[in-house]
file coords_13.txt (compact mmCIF, C-alpha atoms and all ligand atoms)
# COMPACT_ATOMS: atom_id res chain seq x y z
CA MET A 7 -42.78 41.36 -21.49
CA TRP A 8 -41.03 40.33 -18.27
CA TYR A 9 -38.14 37.87 -17.76
CA TYR A 10 -39.67 34.40 -17.88
CA TYR A 11 -38.49 30.82 -18.26
CA GLY A 12 -38.87 29.84 -21.92
CA SER A 13 -39.48 33.42 -23.05
CA LYS A 14 -38.90 33.94 -26.76
CA LEU A 15 -37.24 37.34 -26.22
CA LYS A 16 -33.97 36.32 -27.93
CA LEU A 17 -35.63 34.36 -30.73
CA VAL A 18 -38.60 36.48 -31.64
CA ASN A 19 -37.08 37.73 -34.92
CA LYS A 20 -36.60 34.15 -36.17
CA TYR A 21 -40.31 33.44 -36.48
CA PRO A 22 -42.40 34.41 -39.49
CA GLN A 23 -44.48 37.56 -39.29
CA PRO A 24 -48.19 37.10 -38.64
CA LYS A 25 -50.21 36.70 -41.85
CA TYR A 26 -53.55 37.32 -40.18
CA LYS A 27 -54.93 40.29 -38.28
CA HIS A 28 -55.27 38.30 -35.07
CA ILE A 29 -52.55 36.53 -33.07
CA ILE A 30 -53.57 33.80 -30.66
CA GLU A 31 -50.96 32.65 -28.14
CA PRO A 32 -52.48 29.67 -26.33
CA PHE A 33 -49.37 29.18 -24.13
CA ALA A 34 -48.81 32.87 -23.50
CA GLY A 35 -46.22 33.22 -20.72
CA SER A 36 -44.61 36.62 -21.23
CA ALA A 37 -45.81 36.58 -24.87
CA GLN A 38 -42.80 38.03 -26.66
CA TYR A 39 -44.22 37.27 -30.10
CA SER A 40 -47.41 39.23 -29.43
CA VAL A 41 -45.44 42.09 -27.88
CA LYS A 42 -43.51 42.40 -31.16
CA TYR A 43 -46.68 42.49 -33.30
CA TRP A 44 -48.86 44.15 -30.67
CA GLU A 45 -50.89 46.42 -32.96
CA ILE A 46 -53.23 43.78 -34.38
CA ASP A 47 -55.76 41.78 -32.33
CA VAL A 48 -54.11 39.62 -29.72
CA THR A 49 -55.58 36.84 -27.59
CA LEU A 50 -53.44 35.36 -24.83
CA ILE A 51 -54.31 32.15 -22.99
CA ASP A 52 -52.36 30.60 -20.14
CA LYS A 53 -53.27 28.08 -17.48
CA TYR A 54 -51.04 29.71 -14.84
CA ASP A 55 -53.13 32.23 -12.90
CA VAL A 56 -50.09 34.31 -11.90
CA VAL A 57 -49.26 34.96 -15.55
CA ILE A 58 -52.84 35.92 -16.44
CA LYS A 59 -53.34 38.14 -13.38
CA LEU A 60 -50.07 39.89 -14.22
CA TRP A 61 -51.16 40.61 -17.78
CA LYS A 62 -54.55 41.90 -16.62
CA TRP A 63 -52.94 44.09 -13.99
CA LEU A 64 -50.45 45.49 -16.54
CA GLN A 65 -53.37 46.45 -18.78
CA LYS A 66 -54.59 48.79 -16.01
CA CYS A 67 -51.20 50.13 -14.90
CA SER A 68 -49.85 53.59 -15.51
CA LYS A 69 -46.19 54.18 -16.37
CA ASN A 70 -45.63 55.45 -12.89
CA ASP A 71 -47.09 52.27 -11.31
CA ILE A 72 -44.21 50.42 -12.96
CA LEU A 73 -41.43 52.98 -12.63
CA LYS A 74 -42.02 53.37 -8.88
CA LEU A 75 -41.39 49.66 -8.23
CA PRO A 76 -38.30 48.95 -6.14
CA ILE A 77 -34.97 47.83 -7.57
CA LEU A 78 -33.68 45.10 -5.28
CA GLU A 79 -30.11 44.78 -4.11
CA LEU A 80 -28.28 41.54 -3.44
CA GLY A 81 -29.42 40.17 -0.06
CA GLN A 82 -32.83 41.84 -0.14
CA ASN A 83 -36.08 39.89 -0.28
CA VAL A 84 -39.39 40.91 -1.85
CA ASP A 85 -41.05 40.11 1.50
CA ASP A 86 -39.14 43.07 3.03
CA PHE A 87 -41.22 45.55 0.96
CA ASN A 88 -44.78 46.83 1.13
CA TRP A 89 -46.69 46.20 -2.09
CA ASP A 90 -49.85 47.80 -3.47
CA CYS A 91 -50.94 44.41 -4.81
CA GLU A 92 -49.62 40.88 -5.33
CA GLU A 93 -49.13 41.48 -9.05
CA ALA A 94 -46.58 44.23 -8.35
CA LYS A 95 -44.65 41.82 -6.14
CA TRP A 96 -44.82 39.09 -8.80
CA LEU A 97 -43.53 41.39 -11.53
CA VAL A 98 -40.53 42.32 -9.42
CA GLY A 99 -40.18 38.64 -8.42
CA PHE A 100 -39.80 37.68 -12.08
CA ASN A 101 -37.41 40.48 -12.96
CA ILE A 102 -34.88 39.86 -10.18
CA VAL A 103 -33.90 36.51 -11.72
CA MET A 104 -33.23 35.63 -15.36
CA GLY A 105 -35.73 33.09 -16.61
CA ALA A 106 -37.77 32.16 -13.55
CA TYR A 107 -40.88 30.01 -13.98
CA VAL A 108 -42.43 31.40 -10.76
CA PRO A 109 -41.83 34.80 -9.13
CA ARG A 110 -38.74 34.67 -6.90
CA LYS A 111 -38.06 36.31 -3.55
CA LYS A 112 -34.33 37.10 -3.73
CA PRO A 113 -32.37 38.62 -6.61
CA THR A 114 -29.31 36.92 -8.08
CA ARG A 115 -25.89 38.48 -8.65
CA TRP A 116 -26.74 38.52 -12.34
CA THR A 117 -29.50 41.11 -11.82
CA THR A 118 -27.76 43.08 -9.04
CA THR A 119 -23.99 43.41 -8.62
CA GLU A 120 -23.06 42.04 -12.07
CA ARG A 121 -25.78 43.66 -14.19
CA PRO A 122 -27.51 46.29 -12.01
CA PHE A 123 -29.07 47.92 -15.08
CA ARG A 124 -31.11 44.81 -15.91
CA GLN A 125 -33.89 45.45 -13.40
CA ILE A 126 -34.09 49.16 -14.21
CA ASN A 127 -34.07 48.64 -17.98
CA LYS A 128 -36.74 45.96 -17.77
CA LEU A 129 -39.10 48.17 -15.75
CA LYS A 130 -38.48 51.02 -18.17
CA LEU A 131 -39.26 48.79 -21.14
CA ILE A 132 -42.43 47.45 -19.53
CA SER A 133 -43.59 50.98 -18.74
CA GLU A 134 -43.06 51.92 -22.41
CA ASN A 135 -45.02 48.88 -23.60
CA LEU A 136 -48.14 49.42 -21.48
CA ASN A 137 -50.02 51.30 -24.20
CA LYS A 138 -49.53 48.34 -26.56
CA ILE A 139 -51.49 45.77 -24.58
CA LYS A 140 -54.67 47.64 -23.63
CA HIS A 141 -56.77 46.10 -26.43
CA TRP A 142 -55.60 42.52 -25.86
CA ASN A 143 -57.95 39.73 -24.84
CA ILE A 144 -56.47 37.76 -21.94
CA ILE A 145 -57.86 34.43 -20.83
CA LEU A 146 -57.08 32.09 -17.94
CA GLY A 147 -57.57 28.57 -19.22
CA GLU A 148 -56.50 25.49 -21.10
CA TYR A 149 -54.81 26.11 -24.47
CA ASN A 150 -57.75 24.63 -26.37
CA CYS A 151 -60.47 26.71 -24.69
CA ILE A 152 -60.92 28.98 -27.72
CA ASP A 153 -62.95 28.58 -30.93
CA ASN A 154 -61.08 27.69 -34.11
CA ILE A 155 -61.13 31.18 -35.58
CA GLU A 156 -58.93 32.28 -38.49
CA ALA A 157 -55.73 33.70 -37.01
CA THR A 158 -52.00 33.35 -36.61
CA TYR A 159 -51.49 30.81 -33.84
CA PHE A 160 -48.17 31.16 -32.02
CA ILE A 161 -48.03 27.89 -30.08
CA ASP A 162 -45.21 27.72 -27.55
CA PRO A 163 -45.93 24.93 -25.05
CA PRO A 164 -43.62 23.56 -22.36
CA TYR A 165 -41.05 21.48 -24.26
CA THR A 166 -40.95 17.71 -23.82
CA LYS A 167 -37.48 18.22 -22.31
CA GLY A 168 -37.12 21.25 -20.04
CA GLY A 169 -40.85 21.93 -19.69
CA ARG A 170 -41.31 20.08 -16.41
CA LEU A 171 -40.48 23.18 -14.37
CA TYR A 172 -43.66 25.02 -15.25
CA ILE A 173 -46.48 24.94 -12.70
CA HIS A 174 -48.65 23.51 -15.48
CA ASN A 175 -46.67 21.05 -17.54
CA LYS A 176 -48.83 18.01 -18.24
CA ILE A 177 -49.29 18.06 -21.99
CA ASN A 178 -50.53 15.26 -24.19
CA TYR A 179 -48.31 16.03 -27.19
CA SER A 180 -50.18 13.88 -29.71
CA GLU A 181 -53.40 15.72 -28.82
CA LEU A 182 -51.56 19.03 -29.02
CA ALA A 183 -50.13 18.10 -32.45
CA GLU A 184 -53.60 17.29 -33.72
CA TRP A 185 -55.05 20.48 -32.24
CA SER A 186 -52.23 22.62 -33.67
CA LEU A 187 -52.53 21.19 -37.17
CA SER A 188 -56.29 21.67 -37.17
CA ARG A 189 -56.11 25.43 -36.40
CA ASN A 190 -57.62 27.66 -39.02
CA GLY A 191 -54.85 29.89 -40.38
CA GLN A 192 -51.13 30.22 -39.80
CA LYS A 193 -49.65 27.85 -37.25
CA ILE A 194 -46.24 28.61 -35.79
CA VAL A 195 -45.27 25.96 -33.26
CA CYS A 196 -42.17 26.09 -31.05
CA GLY A 197 -40.06 23.20 -29.85
CA ASN A 198 -36.47 22.21 -29.30
CA GLU A 199 -34.19 19.37 -30.35
CA SER A 200 -36.05 16.96 -28.05
CA ASP A 201 -39.44 17.56 -29.64
CA THR A 202 -40.53 15.11 -32.31
CA TRP A 203 -44.33 15.45 -32.10
CA LEU A 204 -44.36 17.64 -35.22
CA ASP A 205 -41.95 18.04 -38.11
CA PHE A 206 -39.79 20.64 -36.34
CA LYS A 207 -36.89 22.36 -38.13
CA PRO A 208 -33.98 23.93 -36.21
CA ILE A 209 -33.92 27.74 -36.11
CA GLY A 210 -30.91 28.43 -33.90
CA ASN A 211 -29.07 27.85 -30.66
CA LEU A 212 -30.20 29.38 -27.39
CA SER A 213 -28.10 29.77 -24.25
CA GLY A 214 -30.47 29.46 -21.33
CA VAL A 215 -29.63 30.10 -17.68
CA LYS A 216 -28.33 26.53 -17.24
CA HIS A 217 -28.37 24.80 -20.63
CA LYS A 218 -27.84 25.42 -24.32
CA THR A 219 -30.61 24.20 -26.58
CA ILE A 220 -31.27 23.97 -30.28
CA GLU A 221 -34.55 25.77 -30.81
CA ALA A 222 -36.92 24.49 -33.46
CA MET A 223 -40.10 25.52 -35.22
CA PHE A 224 -42.92 24.03 -37.24
CA CYS A 225 -44.81 26.37 -39.54
CA ASN A 226 -47.49 25.41 -42.08
CA GLU A 227 -46.93 28.39 -44.40
C1 LIG B 301 -42.75 28.16 -23.03
S1 LIG B 301 -43.85 29.10 -21.99
C2 LIG B 301 -44.40 30.35 -23.10
C3 LIG B 301 -43.34 31.41 -23.28
C4 LIG B 301 -43.79 32.59 -24.13
N1 LIG B 301 -43.85 32.26 -25.54
C5 LIG B 301 -42.89 33.79 -23.92
O1 LIG B 301 -42.37 34.38 -24.89
O2 LIG B 301 -42.71 34.16 -22.75
C6 LIG B 301 -45.22 28.01 -21.84
C7 LIG B 301 -46.43 28.54 -21.06
O3 LIG B 301 -47.49 27.59 -21.22
C8 LIG B 301 -48.27 27.60 -20.04
N2 LIG B 301 -49.04 26.34 -20.01
C9 LIG B 301 -48.63 25.12 -19.65
N3 LIG B 301 -49.60 24.20 -19.83
C10 LIG B 301 -50.66 24.86 -20.36
C11 LIG B 301 -51.94 24.46 -20.82
N4 LIG B 301 -52.34 23.19 -20.75
N5 LIG B 301 -52.77 25.39 -21.32
C12 LIG B 301 -52.38 26.70 -21.38
N6 LIG B 301 -51.17 27.14 -20.97
C13 LIG B 301 -50.32 26.23 -20.47
C14 LIG B 301 -47.26 27.76 -18.92
O4 LIG B 301 -47.89 28.29 -17.76
C15 LIG B 301 -46.26 28.73 -19.56
O5 LIG B 301 -46.55 30.06 -19.19
call {"tool": "encode", "arguments": {"input": "coords_13.txt", "output": "structure tokens"}}
result
Amino acid sequence: MWYYYGSKLKLVNKYPQPKYKHIIEPFAGSAQYSVKYWEIDVTLIDKYDVVIKLWKWLQKCSKNDILKLPILELGQNVDDFNWDCEEAKWLVGFNIVMGAYVPRKKPTRWTTTERPFRQINKLKLISENLNKIKHWNIILGEYNCIDNIEATYFIDPPYTKGGRLYIHNKINYSELAEWSLSRNGQKIVCGNESDTWLDFKPIGNLSGVKHKTIEAMFCNE
């Protein structure tokens, strides 16, 4: 939904379509997969309270709540503005930088002088997506806090290499592998070339803010 470190915005078309009427994203972040297939049931889980509060706030927002948010110029700081709530500040804090893992205070050149349309277009897109997320179930918690119901599980944890930046990044990958394989339904698991905890297959290259990676996927069906 918003710019986020590890977001699957550029890769979302490479993953299989959901086979079940319920998507569960236990490492939700900005949940690009669920945004694409938003019409069915969606459950998002994330351990980072900022992410979950943002989703819950967006569920209540009107288009105008989003479109009235400020577009920052180079040199400005989110602390210079008055905000209706912390979530509004966080949303802008994510969208003034490409791929931040926490909301930032100052915009980069990339979202101001070089690509001024990026902030505006993102807010416009979010405002157009608000109606899609109203029925979603959004949970603050550990990835495994949900019953093993039949669903499409889109499992996108912090990667073994590159995942350290997240506020929550301590994953026991053998436990996660076991948990993922034991889900009831379709399991789509994301990784990159450094991940060996499942039988990942490469799906394409991704140019991140700093590094290029080979993205990979495990899928049981
Ligand atoms: C790679 S990002 C997900 C990106 C998402 N697929 C997207 O398109 O934006 C991983 C997310 O997992 C969350 N996370 C890390 N450890 C977690 C845990 N133990 N349980 C649940 N969520 C966790 C992080 O806060 C982060 O938002």
call {"tool": "residues_near_ligand", "arguments": {"input": "coords_13.txt", "ligand": "ligand LIG 301 (chain B)", "cutoff": "9 Å", "atoms": "all atoms listed in the file", "output": "ChimeraX atom specification"}}
result
/A:7-15,17-18,31-41,51-57,107,146-151,160-165,169,172-178,196-197
call {"tool": "closest_residue", "arguments": {"input": "coords_13.txt", "among": "A:Ser213, A:Asn226, A:Ser68, A:Gln23", "to": "Gly191 (chain A)", "atoms": "all atoms listed in the file"}}
result
A:Asn226
call {"tool": "residues_around", "arguments": {"input": "coords_13.txt", "residues": "Trp89 (chain A)", "least_positions_apart": "6", "cutoff": "12 Å", "atoms": "all atoms listed in the file", "output": "list in words"}}
result
Asp71, Ile72, Lys74, Leu75, Pro76, Lys95, Trp96, Leu97, Val98 and Gly99 of chain A
call {"tool": "closest_residue", "arguments": {"input": "coords_13.txt", "among": "A:Thr49, A:Leu78, A:Ile29, A:Gly210", "to": "Trp61 (chain A)", "atoms": "all atoms listed in the file"}}
result
A:Thr49
call {"tool": "residues_around", "arguments": {"input": "coords_13.txt", "residues": "Thr119 (chain A)", "least_positions_apart": "5", "cutoff": "12 Å", "atoms": "all atoms listed in the file", "output": "count of residues only"}}
result
10
call {"tool": "closest_residue", "arguments": {"input": "coords_13.txt", "among": "A:Tyr43, A:Trp203, A:Tyr26, A:Trp63", "to": "Ile144 (chain A)", "atoms": "all atoms listed in the file"}}
result
A:Trp63
call {"tool": "closest_residue", "arguments": {"input": "coords_13.txt", "among": "A:Pro122, A:Phe87, A:Thr158, A:Pro24", "to": "Asn101 (chain A)", "atoms": "all atoms listed in the file"}}
result
A:Pro122
call {"tool": "atom_distance", "arguments": {"input": "coords_13.txt", "atom1": "CA of Leu171 (chain A)", "atom2": "CA of Lys66 (chain A)"}}
result
29.3 Å
call {"tool": "residues_around", "arguments": {"input": "coords_13.txt", "residues": "Met223 (chain A)", "least_positions_apart": "5", "cutoff": "7 Å", "atoms": "only C-alpha atoms", "output": "number ranges by chain"}}
result
A: 194-197, 206-209
call {"tool": "atom_distance", "arguments": {"input": "coords_13.txt", "atom1": "CA of Thr118 (chain A)", "atom2": "CA of Phe100 (chain A)"}}
result
13.5 Å
call {"tool": "atom_distance", "arguments": {"input": "coords_13.txt", "atom1": "CA of Leu64 (chain A)", "atom2": "CA of Phe123 (chain A)"}}
result
21.6 Å
call {"tool": "closest_residue", "arguments": {"input": "coords_13.txt", "among": "A:Lys59, A:His28, A:Ala222, A:Leu73", "to": "Trp44 (chain A)", "atoms": "all atoms listed in the file"}}
result
A:His28
call {"tool": "build_atoms", "arguments": {"input": "coords_13.txt", "residues": "region 61-72 of chain A", "atoms": "all heavy atoms", "output": "compact mmCIF listing (two decimals), in the frame of the given file"}}
result
# COMPACT_ATOMS: atom_id res chain seq x y z
N TRP A 61 -50.79 39.93 -16.53
CA TRP A 61 -51.16 40.61 -17.78
C TRP A 61 -52.34 41.56 -17.55
O TRP A 61 -52.35 42.69 -18.03
CB TRP A 61 -51.53 39.59 -18.86
CG TRP A 61 -50.35 39.03 -19.58
CD1 TRP A 61 -49.90 37.73 -19.57
CD2 TRP A 61 -49.44 39.74 -20.44
NE1 TRP A 61 -48.79 37.59 -20.36
CE2 TRP A 61 -48.49 38.81 -20.90
CE3 TRP A 61 -49.34 41.06 -20.86
CZ2 TRP A 61 -47.45 39.18 -21.77
CZ3 TRP A 61 -48.30 41.43 -21.72
CH2 TRP A 61 -47.38 40.49 -22.16
N LYS A 62 -53.36 41.08 -16.82
CA LYS A 62 -54.55 41.90 -16.62
C LYS A 62 -54.24 43.12 -15.77
O LYS A 62 -54.79 44.21 -15.99
CB LYS A 62 -55.66 41.06 -15.99
CG LYS A 62 -56.21 40.03 -16.96
CD LYS A 62 -57.47 39.39 -16.46
CE LYS A 62 -58.04 38.53 -17.59
NZ LYS A 62 -59.36 38.05 -17.38
N TRP A 63 -53.36 42.96 -14.82
CA TRP A 63 -52.94 44.09 -13.99
C TRP A 63 -52.15 45.10 -14.84
O TRP A 63 -52.41 46.31 -14.78
CB TRP A 63 -52.08 43.58 -12.82
CG TRP A 63 -51.47 44.65 -12.00
CD1 TRP A 63 -52.12 45.52 -11.16
CD2 TRP A 63 -50.08 44.99 -11.92
NE1 TRP A 63 -51.22 46.36 -10.57
CE2 TRP A 63 -49.96 46.06 -11.01
CE3 TRP A 63 -48.92 44.47 -12.50
CZ2 TRP A 63 -48.72 46.64 -10.69
CZ3 TRP A 63 -47.70 45.04 -12.19
CH2 TRP A 63 -47.61 46.11 -11.30
N LEU A 64 -51.24 44.59 -15.69
CA LEU A 64 -50.45 45.49 -16.54
C LEU A 64 -51.35 46.30 -17.47
O LEU A 64 -51.07 47.47 -17.77
CB LEU A 64 -49.42 44.70 -17.36
CG LEU A 64 -48.22 44.17 -16.57
CD1 LEU A 64 -47.40 43.20 -17.42
CD2 LEU A 64 -47.34 45.30 -16.06
N GLN A 65 -52.45 45.71 -17.90
CA GLN A 65 -53.37 46.45 -18.78
C GLN A 65 -53.93 47.69 -18.09
O GLN A 65 -54.30 48.65 -18.75
CB GLN A 65 -54.55 45.55 -19.20
CG GLN A 65 -54.17 44.58 -20.30
CD GLN A 65 -55.38 43.80 -20.80
OE1 GLN A 65 -56.09 43.19 -20.00
NE2 GLN A 65 -55.60 43.80 -22.09
N LYS A 66 -54.01 47.65 -16.75
CA LYS A 66 -54.59 48.79 -16.01
C LYS A 66 -53.53 49.75 -15.48
O LYS A 66 -53.85 50.81 -14.97
CB LYS A 66 -55.41 48.25 -14.83
CG LYS A 66 -56.67 47.49 -15.23
CD LYS A 66 -57.46 47.05 -14.01
CE LYS A 66 -56.70 46.00 -13.24
NZ LYS A 66 -57.31 45.44 -12.08
N CYS A 67 -52.28 49.35 -15.55
CA CYS A 67 -51.20 50.13 -14.90
C CYS A 67 -50.88 51.42 -15.66
O CYS A 67 -50.97 51.47 -16.89
CB CYS A 67 -49.92 49.31 -14.88
SG CYS A 67 -49.82 48.18 -13.51
N SER A 68 -50.44 52.40 -14.90
CA SER A 68 -49.85 53.59 -15.51
C SER A 68 -48.33 53.38 -15.56
O SER A 68 -47.80 52.50 -14.86
CB SER A 68 -50.18 54.83 -14.68
OG SER A 68 -49.50 54.72 -13.43
N LYS A 69 -47.66 54.24 -16.32
CA LYS A 69 -46.19 54.18 -16.37
C LYS A 69 -45.61 54.28 -14.97
O LYS A 69 -44.68 53.57 -14.60
CB LYS A 69 -45.66 55.34 -17.21
CG LYS A 69 -45.58 55.05 -18.67
CD LYS A 69 -44.81 56.15 -19.38
CE LYS A 69 -44.43 55.66 -20.75
NZ LYS A 69 -43.39 56.39 -21.40
N ASN A 70 -46.18 55.20 -14.21
CA ASN A 70 -45.63 55.45 -12.89
C ASN A 70 -45.80 54.25 -11.96
O ASN A 70 -44.95 53.99 -11.11
CB ASN A 70 -46.28 56.71 -12.27
CG ASN A 70 -45.56 57.11 -11.02
OD1 ASN A 70 -44.32 57.13 -11.00
ND2 ASN A 70 -46.29 57.37 -9.95
N ASP A 71 -46.90 53.48 -12.13
CA ASP A 71 -47.09 52.27 -11.31
C ASP A 71 -45.89 51.33 -11.48
O ASP A 71 -45.51 50.61 -10.56
CB ASP A 71 -48.35 51.49 -11.75
CG ASP A 71 -49.63 52.25 -11.42
OD1 ASP A 71 -49.64 53.01 -10.44
OD2 ASP A 71 -50.63 52.05 -12.16
N ILE A 72 -45.33 51.32 -12.68
CA ILE A 72 -44.21 50.42 -12.96
C ILE A 72 -42.88 51.06 -12.54
O ILE A 72 -42.05 50.42 -11.89
CB ILE A 72 -44.17 50.06 -14.47
CG1 ILE A 72 -45.50 49.41 -14.90
CG2 ILE A 72 -42.98 49.17 -14.81
CD1 ILE A 72 -45.86 48.12 -14.19
